[in-house]
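Student: To be precise about what I am sending: the file is called start_35.txt and holds compact mmCIF, C-alpha atoms.
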```txt
# COMPACT_ATOMS: atom_id res chain seq x y z
CA MET W 8 88.48 107.48 80.20
CA SER W 9 92.22 106.77 80.44
CA ASN W 10 94.28 106.54 77.27
CA GLN W 11 96.68 104.19 79.00
CA PRO W 12 96.37 101.01 76.91
CA LEU W 13 97.25 98.58 79.72
CA SER W 14 94.74 99.90 82.26
CA GLY W 15 92.94 97.00 83.94
CA LEU W 16 95.80 94.52 83.41
CA LYS W 17 97.57 92.93 86.39
CA VAL W 18 101.30 92.10 86.40
CA LEU W 19 103.09 89.87 88.91
CA ASP W 20 106.73 90.93 88.93
CA PHE W 21 109.20 88.45 90.45
CA THR W 22 112.25 90.18 88.92
CA THR W 23 115.17 92.01 90.55
CA LEU W 24 117.89 94.51 89.70
CA VAL W 25 117.41 96.15 86.25
CA PRO W 26 116.02 94.26 83.18
CA GLY W 27 112.76 92.94 84.63
CA PRO W 28 111.99 95.83 87.00
CA LEU W 29 112.45 98.32 84.16
CA ALA W 30 110.17 96.26 81.90
CA ALA W 31 107.56 96.17 84.68
CA LEU W 32 107.95 99.94 85.13
CA MET W 33 107.16 100.48 81.45
CA LEU W 34 104.03 98.34 81.80
CA ALA W 35 103.02 100.33 84.88
CA GLU W 36 103.60 103.62 83.06
CA ALA W 37 101.20 102.38 80.37
CA GLY W 38 98.51 101.71 82.99
CA ALA W 39 99.05 98.17 84.30
CA GLU W 40 98.80 97.33 87.99
CA VAL W 41 102.23 95.93 88.92
CA ILE W 42 102.69 93.83 92.05
CA LYS W 43 106.35 93.43 92.94
CA ILE W 44 106.95 90.15 94.75
CA GLU W 45 110.04 90.22 96.96
CA ARG W 46 111.85 88.16 99.55
CA PRO W 47 110.97 89.00 103.17
CA GLU W 48 114.21 91.02 103.38
CA GLY W 49 113.49 92.75 100.06
CA GLU W 50 115.29 92.56 96.72
CA ASP W 51 119.00 93.46 96.49
CA MET W 52 118.41 96.79 94.76
CA ARG W 53 116.74 98.17 97.90
CA ARG W 54 120.15 98.12 99.61
CA ARG W 55 122.19 99.67 96.81
CA GLU W 56 124.02 102.95 97.31
CA PRO W 57 123.60 105.87 96.83
CA ARG W 58 120.63 106.66 99.07
CA TRP W 59 117.83 109.11 98.36
CA GLY W 60 116.39 109.69 101.78
CA GLU W 61 116.09 106.22 103.32
CA GLN W 62 115.68 104.55 99.92
CA SER W 63 118.17 103.38 97.34
CA ALA W 64 118.11 105.95 94.53
CA TYR W 65 118.24 103.07 92.03
CA PHE W 66 115.25 101.35 93.59
CA ALA W 67 113.28 104.61 93.74
CA LEU W 68 113.76 105.23 90.00
CA LEU W 69 112.98 101.70 88.82
CA ASN W 70 110.06 100.77 91.07
CA ARG W 71 107.80 103.81 91.33
CA GLY W 72 104.09 103.22 91.13
CA LYS W 73 104.28 99.51 91.96
CA LYS W 74 102.86 97.54 94.88
CA SER W 75 105.03 95.39 97.12
CA LEU W 76 104.26 91.89 98.33
CA ALA W 77 106.92 90.36 100.62
CA LEU W 78 106.83 86.55 100.70
CA ASP W 79 109.14 83.64 101.42
CA LEU W 80 108.72 81.65 98.21
CA LYS W 81 110.27 78.59 99.86
CA ASP W 82 107.24 78.44 102.15
CA LEU W 83 104.43 76.32 100.71
CA ALA W 84 101.86 78.51 102.44
CA ALA W 85 103.21 81.54 100.54
CA ILE W 86 102.87 79.68 97.22
CA GLU W 87 99.29 78.79 98.07
CA ALA W 88 98.61 82.43 98.96
CA LEU W 89 99.88 83.48 95.53
CA LYS W 90 97.56 81.20 93.55
CA PRO W 91 94.52 83.52 93.65
CA LEU W 92 96.71 86.33 92.32
CA ILE W 93 98.08 84.08 89.56
CA ALA W 94 94.51 83.14 88.64
CA GLU W 95 93.59 86.76 87.98
CA ALA W 96 96.94 88.00 86.59
CA ASP W 97 97.48 88.85 82.95
CA ILE W 98 101.29 88.89 82.93
CA LEU W 99 103.98 87.26 85.06
CA LEU W 100 107.62 88.41 84.85
CA GLU W 101 110.45 86.32 86.28
CA GLN W 102 114.23 86.55 86.03
CA PHE W 103 115.53 83.43 87.80
CA ARG W 104 117.83 80.86 86.24
CA PRO W 105 115.95 78.17 84.29
CA GLY W 106 114.30 75.63 86.58
CA VAL W 107 114.10 77.80 89.71
CA MET W 108 110.45 78.77 89.29
CA ASP W 109 109.57 75.12 88.54
CA ARG W 110 111.17 74.03 91.81
CA LEU W 111 109.18 76.67 93.67
CA GLY W 112 105.96 75.39 92.14
CA LEU W 113 105.60 78.53 90.01
CA GLY W 114 106.86 77.33 86.61
CA TYR W 115 104.94 78.07 83.44
CA ALA W 116 103.25 74.65 83.26
CA GLN W 117 102.15 74.97 86.89
CA CYS W 118 100.87 78.52 86.46
CA ARG W 119 99.13 77.62 83.19
CA GLU W 120 97.08 75.04 85.07
CA ILE W 121 95.79 77.87 87.24
CA ASN W 122 95.43 80.46 84.45
CA PRO W 123 95.70 79.37 80.79
CA ARG W 124 95.45 83.01 79.66
CA LEU W 125 98.58 84.00 81.58
CA ILE W 126 101.45 85.59 79.63
CA TYR W 127 104.54 84.27 81.39
CA CYS W 128 107.76 86.12 80.53
CA SER W 129 111.13 84.65 81.54
CA ILE W 130 114.18 86.93 81.23
CA THR W 131 117.61 85.27 81.44
CA GLY W 132 121.09 85.85 80.06
CA TYR W 133 121.29 82.74 77.89
CA GLY W 134 117.71 81.52 77.51
CA GLN W 135 115.74 78.57 78.83
CA GLU W 136 117.62 75.98 76.76
CA GLY W 137 121.14 75.50 75.42
CA PRO W 138 124.59 74.58 76.83
CA LYS W 139 124.93 77.91 78.67
CA ALA W 140 121.33 78.16 79.88
CA ARG W 141 122.23 77.84 83.57
CA ASN W 142 125.39 79.95 83.48
CA ALA W 143 125.55 83.06 85.63
CA GLY W 144 126.39 86.33 83.90
CA HIS W 145 126.00 90.06 83.70
CA ASP W 146 125.78 92.61 80.91
CA LEU W 147 129.54 92.61 80.23
CA ASN W 148 129.50 88.81 79.83
CA TYR W 149 126.59 88.91 77.40
CA ILE W 150 128.11 91.53 75.10
CA GLY W 151 131.45 89.74 75.41
CA ASP W 152 130.05 86.32 74.53
CA THR W 153 128.26 87.59 71.43
CA GLY W 154 131.19 89.44 69.85
CA LEU W 155 129.69 92.90 70.38
CA LEU W 156 132.27 94.00 72.94
CA SER W 157 135.17 93.01 70.69
CA LEU W 158 134.13 95.53 68.04
CA ALA W 159 135.12 98.57 70.11
CA MET W 160 136.56 98.32 73.61
CA GLY W 161 139.53 100.66 73.22
CA PRO W 162 143.26 99.88 73.21
CA ALA W 163 144.24 96.35 74.22
CA GLU W 164 146.40 97.69 77.06
CA GLN W 165 143.61 99.94 78.40
CA PRO W 166 140.19 98.57 77.39
CA THR W 167 137.11 100.67 78.11
CA VAL W 168 134.02 99.38 79.91
CA PRO W 169 130.87 100.53 78.04
CA PRO W 170 128.76 103.17 79.84
CA ALA W 171 125.37 101.59 79.12
CA LEU W 172 123.86 98.19 79.99
CA VAL W 173 123.16 97.28 76.37
CA ALA W 174 122.27 93.66 77.04
CA ASP W 175 120.16 94.34 80.14
CA LEU W 176 118.06 97.01 78.44
CA GLY W 177 118.39 96.27 74.72
CA GLY W 178 118.35 92.49 75.18
CA GLY W 179 116.17 92.14 78.28
CA THR W 180 113.86 95.06 79.05
CA LEU W 181 112.81 96.14 75.57
CA PRO W 182 112.39 92.66 74.01
CA ALA W 183 110.37 91.63 77.07
CA VAL W 184 107.98 94.56 76.68
CA VAL W 185 107.66 94.12 72.90
CA ASN W 186 106.95 90.40 73.20
CA ILE W 187 104.49 90.88 76.06
CA LEU W 188 102.54 93.33 73.91
CA LEU W 189 102.61 90.88 70.98
CA ALA W 190 101.47 88.09 73.30
CA LEU W 191 98.56 90.26 74.48
CA MET W 192 97.49 90.65 70.83
CA HIS W 193 97.85 86.90 70.31
CA ARG W 194 95.76 86.21 73.40
CA GLU W 195 93.06 88.58 72.21
CA ARG W 196 92.71 86.49 69.03
CA SER W 197 93.28 83.00 70.43
CA GLY W 198 92.30 83.22 74.09
CA GLU W 199 95.59 81.53 74.99
CA GLY W 200 98.50 82.76 77.06
CA ALA W 201 102.15 82.07 76.24
CA HIS W 202 105.60 81.44 77.68
CA LEU W 203 108.09 84.04 76.42
CA ASP W 204 111.76 83.02 76.51
CA ILE W 205 113.73 86.31 76.52
CA ALA W 206 117.49 85.71 76.35
CA MET W 207 119.56 88.86 76.68
CA CYS W 208 122.39 87.40 74.60
CA ASP W 209 120.14 86.66 71.64
CA ALA W 210 119.33 90.31 70.92
CA MET W 211 123.00 91.34 70.90
CA PHE W 212 123.46 90.00 67.38
CA MET W 213 120.91 92.56 66.22
CA PHE W 214 123.18 95.31 67.56
CA ALA W 215 126.08 93.84 65.58
CA HIS W 216 124.14 93.81 62.27
CA TRP W 217 126.70 95.93 60.42
CA GLY W 218 129.58 93.69 61.54
CA ILE W 219 127.71 90.54 60.52
CA ALA W 220 127.00 92.14 57.13
CA GLN W 221 130.72 92.80 56.65
CA GLY W 222 131.49 89.22 57.58
CA LEU W 223 128.94 87.86 55.15
CA ALA W 224 130.55 90.01 52.46
CA GLY W 225 133.88 88.33 53.13
CA GLU W 226 135.73 90.51 55.65
CA TRP W 227 135.01 90.34 59.37
CA PRO W 228 135.40 93.67 61.21
CA LYS W 229 138.67 94.50 62.92
CA PRO W 230 138.31 95.80 66.51
CA GLY W 231 138.18 99.59 66.63
CA ALA W 232 139.05 99.94 62.97
CA GLU W 233 135.73 100.20 61.17
CA ARG W 234 133.57 103.12 60.11
CA LEU W 235 131.43 103.13 63.28
CA THR W 236 134.02 101.95 65.79
CA GLY W 237 136.81 104.51 65.52
CA GLY W 238 138.41 103.79 62.15
CA SER W 239 136.93 106.76 60.31
CA PRO W 240 137.46 110.53 60.76
CA ARG W 241 133.75 110.90 59.96
CA TYR W 242 132.61 109.10 63.13
CA GLN W 243 134.98 110.15 65.84
CA ILE W 244 135.41 111.84 69.22
CA TYR W 245 137.84 114.77 69.10
CA PRO W 246 139.29 116.58 72.16
CA THR W 247 138.98 120.38 72.31
CA SER W 248 141.52 122.82 73.73
CA ASP W 249 139.70 123.04 77.09
CA GLY W 250 139.41 119.34 77.84
CA ARG W 251 135.93 118.85 76.37
CA HIS W 252 135.09 116.67 73.37
CA VAL W 253 133.38 117.01 70.01
CA ALA W 254 131.15 114.10 68.93
CA ALA W 255 131.57 114.26 65.15
CA ALA W 256 129.33 112.11 62.95
CA PRO W 257 129.29 113.73 59.47
CA LEU W 258 128.97 110.41 57.67
CA GLU W 259 127.08 111.41 54.51
CA PRO W 260 128.88 113.43 51.80
CA HIS W 261 126.92 116.67 52.30
CA PHE W 262 127.43 116.58 56.07
CA TRP W 263 131.14 115.83 55.56
CA ASP W 264 131.51 118.77 53.16
CA ASN W 265 129.78 121.07 55.65
CA PHE W 266 132.00 119.78 58.45
CA CYS W 267 135.20 120.32 56.45
CA ASP W 268 134.12 123.86 55.61
CA ALA W 269 133.20 124.61 59.23
CA ILE W 270 136.55 123.53 60.66
CA GLY W 271 138.63 124.81 57.72
CA LEU W 272 140.09 121.45 56.71
CA ALA W 273 142.67 121.70 53.93
CA GLU W 274 141.47 120.43 50.55
CA HIS W 275 143.98 117.59 50.27
CA PHE W 276 142.67 116.01 53.51
CA ARG W 277 139.01 116.01 52.48
CA ASP W 278 139.26 112.74 50.53
CA ASP W 279 139.40 110.60 53.66
CA ASP W 280 139.43 107.35 51.67
CA ALA W 281 142.91 108.22 50.40
CA ASP W 282 144.48 108.55 53.87
CA PRO W 283 141.99 108.06 56.74
CA GLN W 284 144.64 108.36 59.44
CA GLY W 285 146.15 111.50 57.89
CA THR W 286 142.71 113.12 57.70
CA MET W 287 141.94 112.13 61.27
CA THR W 288 145.20 113.64 62.50
CA ALA W 289 144.52 116.89 60.63
CA VAL W 290 140.96 117.13 61.98
CA SER W 291 142.19 116.40 65.51
CA ALA W 292 144.70 119.25 65.31
CA LEU W 293 142.05 121.72 64.16
CA ILE W 294 139.51 120.71 66.83
CA ALA W 295 142.19 120.80 69.53
CA ALA W 296 142.98 124.42 68.67
CA LYS W 297 139.67 125.86 69.96
CA PRO W 298 137.60 125.47 73.14
CA ALA W 299 134.24 123.71 73.21
CA GLY W 300 132.24 126.95 73.41
CA GLN W 301 133.64 128.18 70.10
CA TRP W 302 132.95 124.84 68.41
CA ARG W 303 129.41 124.79 69.78
CA ALA W 304 128.76 128.15 68.12
CA ILE W 305 130.42 127.10 64.86
CA PHE W 306 128.54 123.81 64.59
CA ALA W 307 125.21 125.42 65.52
CA GLY W 308 124.88 126.84 62.03
CA ALA W 309 126.88 124.31 60.05
CA ASP W 310 124.37 121.41 59.66
CA CYS W 311 127.07 118.76 60.00
CA CYS W 312 125.94 116.28 62.73
CA CYS W 313 128.41 117.53 65.33
CA SER W 314 127.89 118.34 68.99
CA ILE W 315 129.78 118.88 72.22
CA VAL W 316 129.74 115.83 74.50
CA ALA W 317 127.57 116.76 77.48
CA THR W 318 127.94 115.56 81.03
CA LEU W 319 124.90 113.76 82.41
CA GLU W 320 124.20 116.72 84.68
CA GLU W 321 124.29 119.09 81.70
CA ALA W 322 122.02 116.81 79.68
CA LEU W 323 119.33 116.81 82.38
CA ALA W 324 119.35 120.63 82.28
CA GLU W 325 119.36 120.85 78.46
CA PRO W 326 116.52 123.15 77.30
CA HIS W 327 115.59 120.81 74.42
CA PHE W 328 114.87 117.86 76.72
CA ARG W 329 113.10 120.13 79.20
CA ALA W 330 110.91 121.50 76.40
CA ARG W 331 109.92 117.95 75.45
CA GLY W 332 108.71 117.31 78.99
CA LEU W 333 111.08 114.43 79.69
CA PHE W 334 111.44 115.42 83.34
CA ASP W 335 107.92 116.69 84.04
CA ARG W 336 106.90 113.53 85.92
CA ARG W 337 107.98 113.52 89.56
CA ILE W 338 108.62 110.85 92.19
CA GLU W 339 108.59 111.38 95.94
CA ASN W 340 110.37 109.71 98.84
CA GLU W 341 109.39 109.20 102.47
CA THR W 342 110.75 112.64 103.46
CA GLY W 343 108.55 114.41 100.92
CA ALA W 344 111.50 115.22 98.66
CA ARG W 345 110.60 115.17 94.95
CA ALA W 346 112.79 114.39 91.94
CA PRO W 347 112.33 113.78 88.20
CA ALA W 348 111.03 110.31 87.36
CA LEU W 349 113.13 108.24 84.98
CA PRO W 350 112.02 109.11 81.41
CA LEU W 351 110.68 106.07 79.56
CA PRO W 352 110.50 105.56 75.76
CA LEU W 353 106.70 105.55 75.55
CA ALA W 354 104.55 107.83 73.38
CA ASP W 355 103.19 110.69 75.46
CA MET W 356 99.55 109.75 74.79
CA PHE W 357 100.03 106.34 76.45
CA ARG W 358 101.89 107.44 79.58
CA GLN W 359 100.80 108.69 82.96
CA PRO W 360 100.03 112.41 82.88
CA SER W 361 102.75 114.85 83.86
CA GLY W 362 103.01 115.59 87.56
CA ASP W 363 103.41 113.21 90.50
CA VAL W 364 103.65 109.58 89.37
CA GLY W 365 103.96 107.88 92.72
CA SER W 366 106.85 106.51 94.71
CA ALA W 367 108.60 103.20 95.22
CA PRO W 368 106.65 101.00 97.65
CA ALA W 369 107.81 100.20 101.16
CA LEU W 370 108.70 96.54 101.54
CA GLY W 371 105.54 94.47 101.99
CA ALA W 372 103.36 97.58 101.96
CA ASP W 373 100.53 95.73 100.19
CA ASN W 374 100.68 92.33 101.90
CA GLU W 375 97.54 92.84 103.94
CA THR W 376 95.45 94.17 101.04
CA LEU W 377 96.62 91.67 98.43
CA LEU W 378 96.51 88.55 100.60
CA LYS W 379 93.25 89.36 102.40
```
Please rewrite the model in this file as structure tokens.
Tutor:
Amino acid sequence: MSNQPLSGLKVLDFTTLVPGPLAALMLAEAGAEVIKIERPEGEDMRRREPRWGEQSAYFALLNRGKKSLALDLKDLAAIEALKPLIAEADILLEQFRPGVMDRLGLGYAQCREINPRLIYCSITGYGQEGPKARNAGHDLNYIGDTGLLSLAMGPAEQPTVPPALVADLGGGTLPAVVNILLALMHRERSGEGAHLDIAMCDAMFMFAHWGIAQGLAGEWPKPGAERLTGGSPRYQIYPTSDGRHVAAAPLEPHFWDNFCDAIGLAEHFRDDDADPQGTMTAVSALIAAKPAGQWRAIFAGADCCCSIVATLEEALAEPHFRARGLFDRRIENETGARAPALPLPLADMFRQPSGDVGSAPALGADNETLLK
């Protein structure tokens, strides 16, 4: 018997790009049958560069193990053809602007008439209601609108774009999965489905908890000047002599003491409250005097929360992550080439076994079977 807790559940996935497809991928990894419903020409991510064989590498990573149903949702016959699938589905994911699914005849009220046990999850930037509900946006807009971006975006004359889609994943994908699982528990007790309104902006305030706490205490954070945003020598990125970087995070007193000992920081700089900038300058000079390899060896035995910033390529080859089996699951493309599947934050006991975990579906590959 499979340990995958969502085995036997059916998901209709109307989403595109990243937040919804990644949420659906997590549900599939936990055992659900995911049917990806796309336009006749396919969703935009199928055409994104770079390519892996004939596929988009992005699409291959985010849509493995799903089925594909290609339909023109503006065609009434296609909507009618979907109704039997809606009747037997457990979860529906959609990522359109508010009102679009209603106009197509697939809104929550319409689907609930067909299947009152359906868990209907809507992922948007600004939510189903509110003055900005119908505004277009992307991750950068969502973290910008909620004050998160202002906390640390680098110098005003050369601002830095964040490397991760915090709102898409932390405000869309993960809240969607958590709330779907909660809704499944609610349905088990009540027999009723639910409409989940997942607004990516809403979750961004959770990520700014420390800044909100400072504001409530009477002093709102200054951009790039606080303990976790570049204002402290204890939470800082320091260049090495060979162009690499040390990620230093010795926040607690014992880690800070170990760090100061490891780098040989002069005693009068160790009280960083007295002169934070002076301490930071002194630490920078010491780190800049040695190459990354020497610092890696020094920090290995120092117990001070310091590491050398890895490239993504280096991280994928890191023995620690390999030992944990993060890249043991493999996907395959149409040429037979195999590559590591995207690691997902699910407990090992609930995931698909290591080995081949399928491939992204060809467009409309399951039309005949699903609509028979």
Student: Can you tell me which residues surround Leu16 of chain W at a distance of at most 8 Å, considering only C-alpha atoms, apart from same-chain residues fewer than 2 positions away, and format the answer as a VMD selection string?
Tutor: chain W and resid 13 to 14 18 38 to 40 96 to 98
Student: So for segment 237-243 of chain W, what box centre and size do we get, axis-aligned, 3 Å extra on each of the six sides, every listed atom, Å to one decimal, as JSON?
Tutor:
```
{"center_x": 135.5, "center_y": 107.3, "center_z": 62.9, "size_x": 11.8, "size_y": 13.1, "size_z": 11.9}
```
Student: For Asp152 of chain W, which residue among W:Pro105, W:Pro170, W:Pro26, W:Gly132 is the nearest when counting only C-alpha atoms?
Tutor: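 Ranking W:Pro105, W:Pro170, W:Pro26, W:Gly132 by distance to Asp152 of chain W, first place goes to W:Gly132.
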Student: Excluding Leu188 of chain W and its own-chain neighbours fewer than 5 positions away, which residues fall within 10 Å of it when counting only C-alpha atoms? Please give them as a list in words.
Tutor: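 Once the nearby chain positions are removed, what remains is Leu13, Leu34, Ile126, Pro182, Ala183, His193 and Arg194 of chain W.
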Student: Give me the residues near Leu92 of chain W as a PyMOL selection string, where near means some atom within 10 Å (using only C-alpha atoms) and where sequence neighbours in that chain fewer than 6 positions away do not count.
Tutor: chain W and resi 17-19+42+121-122+377-378
Student: Which one is closest to Ile270 of chain W: W:Trp302, W:Met33, W:Met287, W:Met52? Count only C-alpha atoms.
Tutor: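 Checking each candidate against Ile270 of chain W, we get W:Trp302 as the closest.
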Student: Using only C-alpha atoms, which residue out of W:Tyr133, W:Leu353, W:Ala64, W:Gln117 lies closest to Ile86 of chain W?
Tutor: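 Counting only C-alpha atoms, the residue closest to Ile86 of chain W is W:Gln117.
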Student: List the residues sitting within 9 Å of (102.1, 80.7, 75.0) in the file's frame, using only C-alpha atoms, as a list in words.
Tutor: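 The answer, in the requested form, is Pro123, Arg124, Leu125, Ile126, Tyr127, Ala190, His193, Arg194, Glu199, Gly200, Ala201, His202 and Leu203 of chain W.
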Student: Calculated over all atoms listed in the file, which of the candidates W:Met211, W:Ala255, W:Ala346, W:Ile205 has the smallest distance to Ile187 of chain W?
Tutor: W:Ile205
Student: Using only C-alpha atoms, find the one residue out of W:Thr167, W:Leu258, W:Ile150, W:Arg53 that sits nearest to Met213 of chain W.
Tutor: W:Ile150
Student: Would you work out the distance separating atom CA of Glu375 of chain W from atom CA of Glu61 of chain W, expressed in Å to one decimal?
Tutor: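 Separating atom CA of Glu375 of chain W from atom CA of Glu61 of chain W is a distance of 22.9 Å.
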Student: Show which residues sit within 9 Å of Leu68 of chain W, as a PDB file with C-alpha atoms, in the frame of the given file. Count only C-alpha atoms, and ignore same-chain residues fewer than 4 positions away.
Tutor:
```pdb
ATOM      1  CA  SER W  63     118.170 103.380  97.340  1.00  0.00           C
ATOM      2  CA  ALA W  64     118.110 105.950  94.530  1.00  0.00           C
ATOM      3  CA  ILE W 338     108.620 110.850  92.190  1.00  0.00           C
ATOM      4  CA  PRO W 347     112.330 113.780  88.200  1.00  0.00           C
ATOM      5  CA  ALA W 348     111.030 110.310  87.360  1.00  0.00           C
ATOM      6  CA  LEU W 349     113.130 108.240  84.980  1.00  0.00           C
ATOM      7  CA  SER W 366     106.850 106.510  94.710  1.00  0.00           C
ATOM      8  CA  ALA W 367     108.600 103.200  95.220  1.00  0.00           C
TER       9      ALA W 367
END
```
Student: To one decimal in Å, tell me the separation between atom CA of Gly114 of chain W and atom CA of Arg46 of chain W.
Tutor: 17.6 Å
Student: Which is closer to Pro169 of chain W than all the others in W:Gln221, W:Asn148, W:Ser197, W:Thr286, using only C-alpha atoms?
Tutor: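 Checking each candidate against Pro169 of chain W, we get W:Asn148 as the closest.
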